[in-house]
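Reviewing the structure listed below.
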Amino acid sequence: MAGSGVAHMRNNDEVVLEVRDLVVEFKAGGGRVVNAVSKISFDVCRGETLAIVGESGCGKTTLGKAVLQLPPPNSGDVIFEGTNLSKLPKEQLRSARTAMQMVFQDPISSLDPRMMVRDLIEEPLWVWERGSEEERAVKVRELLNNVGLDPELVLNRRSYEFSGGQCQRISIARSLALEPRMLICDEPVSALDVSIQAQILNLLQDMKDRYGLTMIFISHDLAVVKAVSNRIMVMYLGKICEVGSPDVIYSKPAHHYTSALINSVPIPDPTRKRTTVPLQGEPPSPVAPPSGCRFRTRCPAATEKCAAEEPQLREVSPGQFVACHHPRS
Amino acid sequence: MNSMMSIGNLHVRFATPFGSLEAVRSVDLEIPAGASVGIVGESGSGKTVACRAAMGLLSGSNVQRDGTVVFDGKELTAMTREEVRNEFGTGMAMIFQDPMTALNPVRRIGTQLSESLRLRLGMDKKAALARSAELLSLVRIPDPEAMLKKFPYQLSGGMRQRVMIAIAISCNPKLLFADEPTTALDVTVQAQILQLLSELRRDLKMSMVLITHDLGVVANHTDFVAVMYAGEVVEQATTAELFANMKMPYTQALLNSIPNIEMKSGERLQVIEGRLPNPVDRPKGCGFVTRCSYAQQKCHDEHPPLLDAGNGHLYRCWYPLGHTIARKP
């Protein structure tokens with residue numbers, strides 16, 4: 001698995017975000033390089049939610065941040081609504097980025113504990129000098145109402161007075177303040193309890209409908225993304241394994257890694273025991289990724305071909321693309 | 001079946017500036033020898049406090065603990081702190097939730113692992129290190145000799161949790177508390193760790209208490225389940241019975257809020273609206289009343305007792321599921 005290729009690119013008029021051959025590397029000292037994201041291409045259509053799924057360390061967060069040029073990728077293009085962000089001068093990039101916002105993983109540490117909620121949400125508005133003071137105050141209240149918080153109760157409080165779920169609501173309100181057209185959510189619910197998780201996932205769906213958002217949803221949990229996404233991209237060690245619609249990916253995963261991820265989700269039913277063994281071991285170091293297919297060291301179907309040759313993404317069924325020499329049938 | 005730990009009428013109160021906070025209310029729990037018991041509930045339901053209080057880990061002038069805890073025939077609640085402490089490691093052990101912070105960052109894995117071996121079992125340094133290496137291979141860590149010399153920051157979350165498990169089982173405890181052992185981990189690693197715990201429990205003939213907020217986790221890894229809400233046990237049964245004949249609307253709601261891999265994409269998740277009641281000022285009736293879709297007037301007025309369905313299935317509800325009562329729209 002884990003290969004390159006552009007077979008899954010759609011190139012139609014609906015594409016809002018196009019990412020081509022994105023590479024992000026970090027220097028690790030001693031001349032070594034961490035290959036966080038290796039030549040990844042993907043596109044997102046208007047109004048779509050693309051889920052990026054993979055284990056810790058697969059590069060999914062780095063990829064999400066690189067789209068926002070945080071930091072700018074080493075090479076590759078990020079084209080948002082026809083503008084190539086990687087080639088923009090700094091000031092123009094800042095301005096272009098108001099249309100794309102990010103919701104971070106840890107809702108508590110991503111909010112400044114010294115700022116009141118009213119200031120947290122207003123901050124993007126006054127940075128960009130949007131509206132008068134009164135208009136901004138109205139906007140802050142409207143945003144809080146939309147994310148299900150009572151403005152009277154929360155405006156003058158600080159983030160440490162709230163639970164994780166409430167902090168995530170505040171973060172979402174803040175990210176929507178500038179009325180972005182694209183929202184990148186980086187594991188927005190993985191720090192939350194199951195019961196709160198469902199509330200936040202539903203809220204994100206509502207906000208997507210209300211504000212007409214296009215979303216990238218980053219998660220390690222395939223069960224979580226099932227409910228929210230239109231398209232799923234499975235990543236492993238900086239490469240794409242499989243791309244397709246949720247229904248196809250769950251019913252007929254073509255990649256051995258996708259299938260392992262699905263089999264790792266606990267089933268809340270004691271009468272149904274998992275028959276498959278969980279995926280063994282941990283991902284290899286991105287400093288020295290395996291040759292050929294990067295998943296081959298943990299793959300049950302690996303052969304010599306997998307070590308010698310990197311698989312390219314190819315269509316195995318309509319709309320389902322997989323980078324594997326020996327896909328599951 | 002022999003009892004490994006028997007908790008009777010356990011109350012834990014914390015003195016706070018807002019008044020007395022009763023975190024655990026009248027909890028009775030039986031942990032049979034060799035069994036695995038799951039304690040399930042949301043953040044703040046009192047599951048961690050109940051277990052720490054049972055072990056005698058809570059101390060301080062603001063903590064008041066009442067009730068009896070009998071462990072392996074000895075009444076812990078009548079023992080001095082020093083006597084209770086002698087049970088740690090060889091009698092009971094705990095795996096803490098966050099593997100990132102539970103290990104000492106400036107001491108090598110080998111030193112941390114051999115500490116309890118030398119202290120509890122009186123081994124000399126060389127024997128303790130040799131045993132440490134054995135323990136690391138027992139928790140399936142590759143190249144245990146090299147691992148002994150590493151520091152926690154060099155390990156991934158899954159590896160650190162394996163080290164934590166190795167430390168916990170180092171002195172062959174009879175009872176292992178695992179406090180959300182997989183919450184901070186990826187799904188694939190979660191599946192590995194849960195399988196490892198089940199195998200160790202069988203091989204070392206331990207009893208285990210698995211604390212979690214995810215009913216999916218208890219379904220395949222426990223024999224008994226206790227569901228906690230607002231400091232109380234609200235439902236308790238064998239795992240098979242609980243999932244087959246759920247009585248509490250709360251348990252049902254908790255189960256329904258888990259994102260299900262079989263749900264359709266775009267389908268809304270069921271949520272438990274609202275939050276846990278304020279622990280300083282609890283409602284006089286049922287604690288779940290404001291969030292329950294079956295609540296009647298009686299639920300507001302009278303606190304439900306723990307009832308027995310006849311087969312040891314306990315529940316705390318005036319109108320359990322299956323009872324003929326119309327659900328509020």
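Order determines the names: the first chain of the structure tokens is A, the second B, and so forth; residues in each chain are numbered 1 upward, and ligands are numbered 1 upward as they are shown.
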| task | Find the residues of chain B in contact range of chain A, meaning any atom within 7 Å when counting only C-alpha atoms, and list them as number ranges by chain. | result | B: 42-43, 186-188, 191-192, 213-217, 219-220, 240, 243, 254, 257-261, 263-272
Let me see the file: selected residues, C-alpha atoms, as a PDB file, in the first residue's frame.
ATOM      1  CA  GLU B  42     -18.868   9.547  31.437  1.00  0.00           C
ATOM      2  CA  SER B  43     -16.123  11.878  32.656  1.00  0.00           C
ATOM      3  CA  ASP B 186      -5.050   4.952  18.435  1.00  0.00           C
ATOM      4  CA  VAL B 187      -7.691   2.349  17.551  1.00  0.00           C
ATOM      5  CA  THR B 188      -5.158  -0.126  16.186  1.00  0.00           C
ATOM      6  CA  ALA B 191      -6.996  -3.335  19.981  1.00  0.00           C
ATOM      7  CA  GLN B 192      -3.460  -4.623  20.673  1.00  0.00           C
ATOM      8  CA  HIS B 213     -16.174   5.441  28.986  1.00  0.00           C
ATOM      9  CA  ASP B 214     -16.602   3.207  25.955  1.00  0.00           C
ATOM     10  CA  LEU B 215     -19.138   0.373  26.103  1.00  0.00           C
ATOM     11  CA  GLY B 216     -17.501  -1.015  22.972  1.00  0.00           C
ATOM     12  CA  VAL B 217     -14.353  -1.713  24.990  1.00  0.00           C
ATOM     13  CA  ALA B 219     -18.228  -5.715  25.462  1.00  0.00           C
ATOM     14  CA  ASN B 220     -15.444  -8.109  24.512  1.00  0.00           C
ATOM     15  CA  ALA B 240     -23.822 -10.782  28.316  1.00  0.00           C
ATOM     16  CA  PHE B 243     -26.100  -6.074  26.543  1.00  0.00           C
ATOM     17  CA  LEU B 254     -24.448   5.656  26.173  1.00  0.00           C
ATOM     18  CA  SER B 257     -23.956   7.533  21.167  1.00  0.00           C
ATOM     19  CA  ILE B 258     -21.044   5.333  20.040  1.00  0.00           C
ATOM     20  CA  PRO B 259     -20.367   6.003  16.351  1.00  0.00           C
ATOM     21  CA  ASN B 260     -21.301   2.760  14.727  1.00  0.00           C
ATOM     22  CA  ILE B 261     -19.293   1.461  11.835  1.00  0.00           C
ATOM     23  CA  MET B 263     -24.380   3.362  10.247  1.00  0.00           C
ATOM     24  CA  LYS B 264     -25.048   5.093   6.957  1.00  0.00           C
ATOM     25  CA  SER B 265     -22.903   8.049   5.984  1.00  0.00           C
ATOM     26  CA  GLY B 266     -24.609  11.308   6.773  1.00  0.00           C
ATOM     27  CA  GLU B 267     -26.758   9.641   9.436  1.00  0.00           C
ATOM     28  CA  ARG B 268     -27.041  11.672  12.626  1.00  0.00           C
ATOM     29  CA  LEU B 269     -25.593  10.275  15.804  1.00  0.00           C
ATOM     30  CA  GLN B 270     -27.874   9.930  18.797  1.00  0.00           C
ATOM     31  CA  VAL B 271     -26.706  12.143  21.612  1.00  0.00           C
ATOM     32  CA  ILE B 272     -27.296  12.440  25.335  1.00  0.00           C
TER      33      ILE B 272
END
Would you pick out the contacts of Pro277 (chain B) at 9 Å or less, using only C-alpha atoms, so that residues sharing its chain but fewer than 6 positions from it are not included, and give the list as an mmCIF file with C-alpha atoms, in the first residue's frame?
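The resulting file, part_10.cif, is shown below:
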data_model
loop_
_atom_site.group_PDB
_atom_site.id
_atom_site.type_symbol
_atom_site.label_atom_id
_atom_site.label_comp_id
_atom_site.auth_asym_id
_atom_site.auth_seq_id
_atom_site.Cartn_x
_atom_site.Cartn_y
_atom_site.Cartn_z
ATOM 1 C CA ALA B 230 -23.291 10.869 39.046
ATOM 2 C CA PRO B 283 -31.359 16.763 42.154
ATOM 3 C CA GLY B 287 -29.694 12.034 38.664
ATOM 4 C CA PHE B 288 -30.394 11.351 34.993
ATOM 5 C CA THR B 290 -33.074 16.058 33.070
#
| task | Might you pull out every residue within 9 Å of Met102 (chain A), with only C-alpha atoms counted and same-chain residues fewer than 5 positions away left off, and present them as number ranges by chain? | result | A: 64-65, 68, 172, 175, 182-186
| field | alpha helix (DSSP H) residues, from DSSP on the backbone, in region 124-308 of chain B, as a PyMOL selection string | value | chain B and resi 125-138+144-148+157-169+187-204+215-219+239-244+249-256+297-301
Restrict the selected residues to C-alpha atoms and save them as a short mmCIF file (atom, residue, chain, number, x, y, z; two decimals), in the first residue's frame.
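What follows is the written file again.cif:
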data_model
loop_
_atom_site.label_atom_id
_atom_site.label_comp_id
_atom_site.auth_asym_id
_atom_site.auth_seq_id
_atom_site.Cartn_x
_atom_site.Cartn_y
_atom_site.Cartn_z
CA LYS B 125 19.96 -4.83 41.01
CA LYS B 126 21.16 -7.44 38.54
CA ALA B 127 18.29 -9.86 39.15
CA ALA B 128 15.76 -7.02 38.99
CA LEU B 129 17.07 -5.87 35.61
CA ALA B 130 17.02 -9.41 34.26
CA ARG B 131 13.43 -9.84 35.44
CA SER B 132 12.57 -6.42 33.93
CA ALA B 133 13.71 -7.62 30.53
CA GLU B 134 11.52 -10.71 30.92
CA LEU B 135 8.56 -8.53 31.81
CA LEU B 136 9.12 -6.36 28.74
CA SER B 137 9.07 -9.40 26.50
CA LEU B 138 5.94 -10.56 28.31
CA PRO B 144 13.72 -5.70 25.68
CA GLU B 145 17.41 -5.32 26.57
CA ALA B 146 17.66 -2.14 24.50
CA MET B 147 14.38 -0.88 25.91
CA LEU B 148 15.75 -0.99 29.47
CA GLY B 157 2.21 6.08 23.34
CA GLY B 158 1.48 2.41 22.76
CA MET B 159 4.98 1.38 23.86
CA ARG B 160 4.74 3.54 27.00
CA GLN B 161 1.44 1.91 27.88
CA ARG B 162 3.09 -1.50 27.47
CA VAL B 163 5.83 -0.38 29.86
CA MET B 164 3.16 0.79 32.33
CA ILE B 165 1.51 -2.62 32.10
CA ALA B 166 4.88 -4.30 32.67
CA ILE B 167 5.42 -2.21 35.81
CA ALA B 168 1.91 -2.98 37.07
CA ILE B 169 2.26 -6.75 36.64
CA VAL B 187 -7.69 2.35 17.55
CA THR B 188 -5.16 -0.13 16.19
CA VAL B 189 -2.98 0.15 19.30
CA GLN B 190 -6.09 0.02 21.49
CA ALA B 191 -7.00 -3.33 19.98
CA GLN B 192 -3.46 -4.62 20.67
CA ILE B 193 -3.39 -3.41 24.29
CA LEU B 194 -6.84 -4.81 25.11
CA GLN B 195 -5.88 -8.17 23.67
CA LEU B 196 -2.62 -8.09 25.64
CA LEU B 197 -4.47 -7.35 28.90
CA SER B 198 -6.91 -10.20 28.32
CA GLU B 199 -4.06 -12.65 27.65
CA LEU B 200 -2.05 -11.53 30.68
CA ARG B 201 -5.10 -11.83 32.91
CA ARG B 202 -5.62 -15.40 31.75
CA ASP B 203 -1.93 -16.39 31.96
CA LEU B 204 -1.21 -14.73 35.31
CA LEU B 215 -19.14 0.37 26.10
CA GLY B 216 -17.50 -1.02 22.97
CA VAL B 217 -14.35 -1.71 24.99
CA VAL B 218 -16.11 -3.60 27.81
CA ALA B 219 -18.23 -5.72 25.46
CA THR B 239 -21.67 -8.44 30.39
CA ALA B 240 -23.82 -10.78 28.32
CA GLU B 241 -26.95 -10.03 30.38
CA LEU B 242 -26.35 -6.26 30.31
CA PHE B 243 -26.10 -6.07 26.54
CA ALA B 244 -28.97 -8.51 26.01
CA PRO B 249 -32.20 4.43 29.67
CA TYR B 250 -28.77 5.90 30.48
CA THR B 251 -26.89 2.74 29.48
CA GLN B 252 -28.93 2.60 26.30
CA ALA B 253 -28.14 6.25 25.53
CA LEU B 254 -24.45 5.66 26.17
CA LEU B 255 -24.50 2.71 23.78
CA ASN B 256 -26.38 4.63 21.10
CA GLN B 297 -42.95 13.09 37.59
CA LYS B 298 -41.92 10.32 39.98
CA CYS B 299 -38.37 10.47 38.61
CA HIS B 300 -38.16 14.14 39.64
CA ASP B 301 -39.50 13.51 43.15
#
| query | Could you pull the residues within 12 Å of Pro290 (chain A), counting only C-alpha atoms, minus those fewer than 4 positions along the same chain, as a list in words? | reply |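 The contact residues come out as Met1, Ala2, Gly3, Asn35, Tyr236, Leu237, Gly238, Lys239, Pro283, Pro284, Ser285, Pro286, Arg294, Phe295, Arg296, Thr297, Arg298, Cys306, Ala307, Ala308, Glu309 and Glu310 of chain A.
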Create the file for the chosen residues now, containing N, CA and C atoms and written as a PDB file, in the first residue's frame.
ATOM      1  N   MET A   1       0.843  -1.179   0.000  1.00  0.00           N
ATOM      2  CA  MET A   1       0.000   0.000   0.000  1.00  0.00           C
ATOM      3  C   MET A   1       0.865   1.210   0.000  1.00  0.00           C
ATOM      4  N   ALA A   2       0.256   2.169   0.462  1.00  0.00           N
ATOM      5  CA  ALA A   2       0.982   3.400   0.643  1.00  0.00           C
ATOM      6  C   ALA A   2       1.811   3.726  -0.574  1.00  0.00           C
ATOM      7  N   GLY A   3       1.192   4.344  -1.493  1.00  0.00           N
ATOM      8  CA  GLY A   3       1.906   4.685  -2.697  1.00  0.00           C
ATOM      9  C   GLY A   3       1.594   6.075  -3.180  1.00  0.00           C
ATOM     10  N   ASN A  35      10.292  11.976   6.865  1.00  0.00           N
ATOM     11  CA  ASN A  35       9.422  12.084   5.706  1.00  0.00           C
ATOM     12  C   ASN A  35       7.969  12.074   6.186  1.00  0.00           C
ATOM     13  N   TYR A 236      -0.955   6.213   5.343  1.00  0.00           N
ATOM     14  CA  TYR A 236      -0.020   5.428   6.142  1.00  0.00           C
ATOM     15  C   TYR A 236       1.383   5.945   5.888  1.00  0.00           C
ATOM     16  N   LEU A 237       2.051   6.384   6.929  1.00  0.00           N
ATOM     17  CA  LEU A 237       3.442   6.811   6.837  1.00  0.00           C
ATOM     18  C   LEU A 237       3.687   7.794   5.686  1.00  0.00           C
ATOM     19  N   GLY A 238       2.858   8.814   5.597  1.00  0.00           N
ATOM     20  CA  GLY A 238       3.088   9.882   4.630  1.00  0.00           C
ATOM     21  C   GLY A 238       2.610   9.605   3.226  1.00  0.00           C
ATOM     22  N   LYS A 239       1.932   8.469   3.027  1.00  0.00           N
ATOM     23  CA  LYS A 239       1.440   8.122   1.691  1.00  0.00           C
ATOM     24  C   LYS A 239      -0.046   7.789   1.744  1.00  0.00           C
ATOM     25  N   PRO A 283       3.925   1.390  13.359  1.00  0.00           N
ATOM     26  CA  PRO A 283       4.469   1.860  12.086  1.00  0.00           C
ATOM     27  C   PRO A 283       5.974   2.067  12.193  1.00  0.00           C
ATOM     28  N   PRO A 284       6.717   1.771  11.114  1.00  0.00           N
ATOM     29  CA  PRO A 284       8.155   2.023  11.131  1.00  0.00           C
ATOM     30  C   PRO A 284       8.435   3.523  11.218  1.00  0.00           C
ATOM     31  N   SER A 285       9.686   3.868  11.481  1.00  0.00           N
ATOM     32  CA  SER A 285      10.047   5.273  11.621  1.00  0.00           C
ATOM     33  C   SER A 285       9.968   6.001  10.288  1.00  0.00           C
ATOM     34  N   PRO A 286       9.387   7.192  10.271  1.00  0.00           N
ATOM     35  CA  PRO A 286       9.347   7.959   9.023  1.00  0.00           C
ATOM     36  C   PRO A 286      10.718   8.516   8.642  1.00  0.00           C
ATOM     37  N   ARG A 294       5.130   1.193   1.689  1.00  0.00           N
ATOM     38  CA  ARG A 294       5.553   1.477   3.061  1.00  0.00           C
ATOM     39  C   ARG A 294       4.850   0.609   4.103  1.00  0.00           C
ATOM     40  N   PHE A 295       3.760  -0.047   3.717  1.00  0.00           N
ATOM     41  CA  PHE A 295       3.017  -0.872   4.677  1.00  0.00           C
ATOM     42  C   PHE A 295       3.517  -2.311   4.687  1.00  0.00           C
ATOM     43  N   ARG A 296       4.417  -2.657   3.784  1.00  0.00           N
ATOM     44  CA  ARG A 296       4.747  -4.071   3.591  1.00  0.00           C
ATOM     45  C   ARG A 296       5.263  -4.762   4.852  1.00  0.00           C
ATOM     46  N   THR A 297       5.914  -4.005   5.773  1.00  0.00           N
ATOM     47  CA  THR A 297       6.478  -4.652   6.963  1.00  0.00           C
ATOM     48  C   THR A 297       5.403  -5.172   7.905  1.00  0.00           C
ATOM     49  N   ARG A 298       4.177  -4.680   7.801  1.00  0.00           N
ATOM     50  CA  ARG A 298       3.101  -5.159   8.665  1.00  0.00           C
ATOM     51  C   ARG A 298       1.990  -5.827   7.872  1.00  0.00           C
ATOM     52  N   CYS A 306       6.426  -6.047  -3.400  1.00  0.00           N
ATOM     53  CA  CYS A 306       6.073  -4.898  -2.568  1.00  0.00           C
ATOM     54  C   CYS A 306       7.315  -4.157  -2.079  1.00  0.00           C
ATOM     55  N   ALA A 307       8.418  -4.897  -1.902  1.00  0.00           N
ATOM     56  CA  ALA A 307       9.650  -4.255  -1.449  1.00  0.00           C
ATOM     57  C   ALA A 307      10.348  -3.551  -2.602  1.00  0.00           C
ATOM     58  N   ALA A 308      10.177  -4.107  -3.812  1.00  0.00           N
ATOM     59  CA  ALA A 308      10.919  -3.596  -4.957  1.00  0.00           C
ATOM     60  C   ALA A 308      10.234  -2.407  -5.620  1.00  0.00           C
ATOM     61  N   GLU A 309       8.932  -2.413  -5.610  1.00  0.00           N
ATOM     62  CA  GLU A 309       8.217  -1.459  -6.455  1.00  0.00           C
ATOM     63  C   GLU A 309       7.138  -0.742  -5.659  1.00  0.00           C
ATOM     64  N   GLU A 310       7.081   0.586  -5.792  1.00  0.00           N
ATOM     65  CA  GLU A 310       6.061   1.319  -5.056  1.00  0.00           C
ATOM     66  C   GLU A 310       4.729   1.256  -5.797  1.00  0.00           C
TER      67      GLU A 310
END
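The gap separating CA of Arg316 (chain B) from CA of Thr222 (chain B) is 21.3 Å, in Å to one decimal.
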| message | Just checking: using only C-alpha atoms, which residue out of A:Trp126, A:Tyr160, A:Phe217, A:Phe104 ends up closest to Val53 (chain A)? | response |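 Nearest to Val53 (chain A): A:Phe217.
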| Two-atom distance - CA of Ala323 (chain A), CA of Arg20 (chain A) (Å) |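 Interatomic distance, CA of Ala323 (chain A) to CA of Arg20 (chain A): 16.7 Å.
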| request: Run DSSP on the backbone and give me the residues of region 18-86 of chain B it puts in strand (DSSP E), as a ChimeraX atom specification. | output: /B:19-32,36-40,63-71,74-75
Next, the residues of the selection above should be written as a PDB file, in the first residue's frame with N, CA and C atoms.
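Output saved as out07.pdb:
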ATOM      1  N   GLY B  19     -18.936  23.700  49.010  1.00  0.00           N
ATOM      2  CA  GLY B  19     -19.662  22.761  49.851  1.00  0.00           C
ATOM      3  C   GLY B  19     -19.124  21.359  49.658  1.00  0.00           C
ATOM      4  N   SER B  20     -19.755  20.408  50.340  1.00  0.00           N
ATOM      5  CA  SER B  20     -19.291  19.036  50.271  1.00  0.00           C
ATOM      6  C   SER B  20     -19.702  18.417  48.939  1.00  0.00           C
ATOM      7  N   LEU B  21     -18.727  17.835  48.252  1.00  0.00           N
ATOM      8  CA  LEU B  21     -18.989  17.229  46.949  1.00  0.00           C
ATOM      9  C   LEU B  21     -18.915  15.718  47.120  1.00  0.00           C
ATOM     10  N   GLU B  22     -20.027  15.055  46.914  1.00  0.00           N
ATOM     11  CA  GLU B  22     -20.036  13.602  47.096  1.00  0.00           C
ATOM     12  C   GLU B  22     -19.768  12.944  45.740  1.00  0.00           C
ATOM     13  N   ALA B  23     -18.515  12.577  45.529  1.00  0.00           N
ATOM     14  CA  ALA B  23     -18.111  12.053  44.219  1.00  0.00           C
ATOM     15  C   ALA B  23     -18.555  10.612  44.033  1.00  0.00           C
ATOM     16  N   VAL B  24     -18.604   9.846  45.134  1.00  0.00           N
ATOM     17  CA  VAL B  24     -19.035   8.453  45.068  1.00  0.00           C
ATOM     18  C   VAL B  24     -20.098   8.250  46.131  1.00  0.00           C
ATOM     19  N   ARG B  25     -21.245   7.718  45.722  1.00  0.00           N
ATOM     20  CA  ARG B  25     -22.362   7.571  46.648  1.00  0.00           C
ATOM     21  C   ARG B  25     -22.783   6.122  46.751  1.00  0.00           C
ATOM     22  N   SER B  26     -22.584   5.561  47.919  1.00  0.00           N
ATOM     23  CA  SER B  26     -23.144   4.255  48.236  1.00  0.00           C
ATOM     24  C   SER B  26     -22.884   3.205  47.147  1.00  0.00           C
ATOM     25  N   VAL B  27     -21.616   3.020  46.846  1.00  0.00           N
ATOM     26  CA  VAL B  27     -21.278   2.049  45.806  1.00  0.00           C
ATOM     27  C   VAL B  27     -20.981   0.682  46.422  1.00  0.00           C
ATOM     28  N   ASP B  28     -21.669  -0.338  45.941  1.00  0.00           N
ATOM     29  CA  ASP B  28     -21.395  -1.726  46.318  1.00  0.00           C
ATOM     30  C   ASP B  28     -20.898  -2.432  45.075  1.00  0.00           C
ATOM     31  N   LEU B  29     -19.758  -3.098  45.200  1.00  0.00           N
ATOM     32  CA  LEU B  29     -19.222  -3.766  44.020  1.00  0.00           C
ATOM     33  C   LEU B  29     -18.457  -5.011  44.443  1.00  0.00           C
ATOM     34  N   GLU B  30     -18.705  -6.073  43.736  1.00  0.00           N
ATOM     35  CA  GLU B  30     -18.070  -7.349  44.022  1.00  0.00           C
ATOM     36  C   GLU B  30     -17.145  -7.676  42.857  1.00  0.00           C
ATOM     37  N   ILE B  31     -15.880  -7.956  43.149  1.00  0.00           N
ATOM     38  CA  ILE B  31     -14.968  -8.364  42.081  1.00  0.00           C
ATOM     39  C   ILE B  31     -14.568  -9.807  42.346  1.00  0.00           C
ATOM     40  N   PRO B  32     -15.173 -10.767  41.641  1.00  0.00           N
ATOM     41  CA  PRO B  32     -14.870 -12.174  41.881  1.00  0.00           C
ATOM     42  C   PRO B  32     -13.438 -12.498  41.455  1.00  0.00           C
ATOM     43  N   SER B  36     -13.047 -10.316  35.211  1.00  0.00           N
ATOM     44  CA  SER B  36     -12.763  -8.976  34.713  1.00  0.00           C
ATOM     45  C   SER B  36     -14.044  -8.161  34.812  1.00  0.00           C
ATOM     46  N   VAL B  37     -13.960  -7.064  35.545  1.00  0.00           N
ATOM     47  CA  VAL B  37     -15.138  -6.234  35.774  1.00  0.00           C
ATOM     48  C   VAL B  37     -14.933  -4.887  35.087  1.00  0.00           C
ATOM     49  N   GLY B  38     -15.895  -4.483  34.282  1.00  0.00           N
ATOM     50  CA  GLY B  38     -15.814  -3.181  33.626  1.00  0.00           C
ATOM     51  C   GLY B  38     -16.591  -2.135  34.400  1.00  0.00           C
ATOM     52  N   ILE B  39     -16.008  -0.948  34.584  1.00  0.00           N
ATOM     53  CA  ILE B  39     -16.757   0.165  35.166  1.00  0.00           C
ATOM     54  C   ILE B  39     -16.870   1.230  34.079  1.00  0.00           C
ATOM     55  N   VAL B  40     -18.103   1.543  33.708  1.00  0.00           N
ATOM     56  CA  VAL B  40     -18.340   2.412  32.560  1.00  0.00           C
ATOM     57  C   VAL B  40     -19.065   3.674  33.004  1.00  0.00           C
ATOM     58  N   VAL B  63     -10.571  14.940  52.037  1.00  0.00           N
ATOM     59  CA  VAL B  63     -11.207  13.721  51.541  1.00  0.00           C
ATOM     60  C   VAL B  63     -11.803  12.942  52.702  1.00  0.00           C
ATOM     61  N   GLN B  64     -13.051  12.534  52.537  1.00  0.00           N
ATOM     62  CA  GLN B  64     -13.663  11.690  53.553  1.00  0.00           C
ATOM     63  C   GLN B  64     -14.160  10.421  52.879  1.00  0.00           C
ATOM     64  N   ARG B  65     -13.673   9.277  53.353  1.00  0.00           N
ATOM     65  CA  ARG B  65     -14.085   8.015  52.755  1.00  0.00           C
ATOM     66  C   ARG B  65     -14.818   7.183  53.791  1.00  0.00           C
ATOM     67  N   ASP B  66     -15.996   6.697  53.471  1.00  0.00           N
ATOM     68  CA  ASP B  66     -16.743   5.814  54.357  1.00  0.00           C
ATOM     69  C   ASP B  66     -17.061   4.534  53.614  1.00  0.00           C
ATOM     70  N   GLY B  67     -17.305   3.469  54.388  1.00  0.00           N
ATOM     71  CA  GLY B  67     -17.642   2.190  53.771  1.00  0.00           C
ATOM     72  C   GLY B  67     -16.553   1.176  54.045  1.00  0.00           C
ATOM     73  N   THR B  68     -16.757  -0.025  53.549  1.00  0.00           N
ATOM     74  CA  THR B  68     -15.770  -1.069  53.793  1.00  0.00           C
ATOM     75  C   THR B  68     -15.238  -1.597  52.469  1.00  0.00           C
ATOM     76  N   VAL B  69     -13.951  -1.889  52.472  1.00  0.00           N
ATOM     77  CA  VAL B  69     -13.338  -2.514  51.309  1.00  0.00           C
ATOM     78  C   VAL B  69     -12.587  -3.735  51.817  1.00  0.00           C
ATOM     79  N   VAL B  70     -13.000  -4.894  51.365  1.00  0.00           N
ATOM     80  CA  VAL B  70     -12.315  -6.120  51.764  1.00  0.00           C
ATOM     81  C   VAL B  70     -11.575  -6.650  50.541  1.00  0.00           C
ATOM     82  N   PHE B  71     -10.259  -6.772  50.686  1.00  0.00           N
ATOM     83  CA  PHE B  71      -9.455  -7.250  49.567  1.00  0.00           C
ATOM     84  C   PHE B  71      -8.776  -8.543  49.970  1.00  0.00           C
ATOM     85  N   LYS B  74      -8.760  -9.416  53.547  1.00  0.00           N
ATOM     86  CA  LYS B  74      -8.293  -8.419  54.508  1.00  0.00           C
ATOM     87  C   LYS B  74      -9.109  -7.142  54.364  1.00  0.00           C
ATOM     88  N   GLU B  75      -9.469  -6.554  55.490  1.00  0.00           N
ATOM     89  CA  GLU B  75     -10.273  -5.345  55.399  1.00  0.00           C
ATOM     90  C   GLU B  75      -9.353  -4.131  55.278  1.00  0.00           C
TER      91      GLU B  75
END
| Test item: residues at most 10 Å from Ser109 (chain A), only C-alpha atoms, excluding those fewer than 2 positions along its chain, as a ChimeraX atom specification | /A:104-107,111-113,159-160,164,167
| Point-to-point distance in Å for CA of Cys45 (chain A) and CA of Arg10 (chain A) |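 Spanning CA of Arg10 (chain A) to CA of Cys45 (chain A) is a straight-line distance of 8.8 Å.
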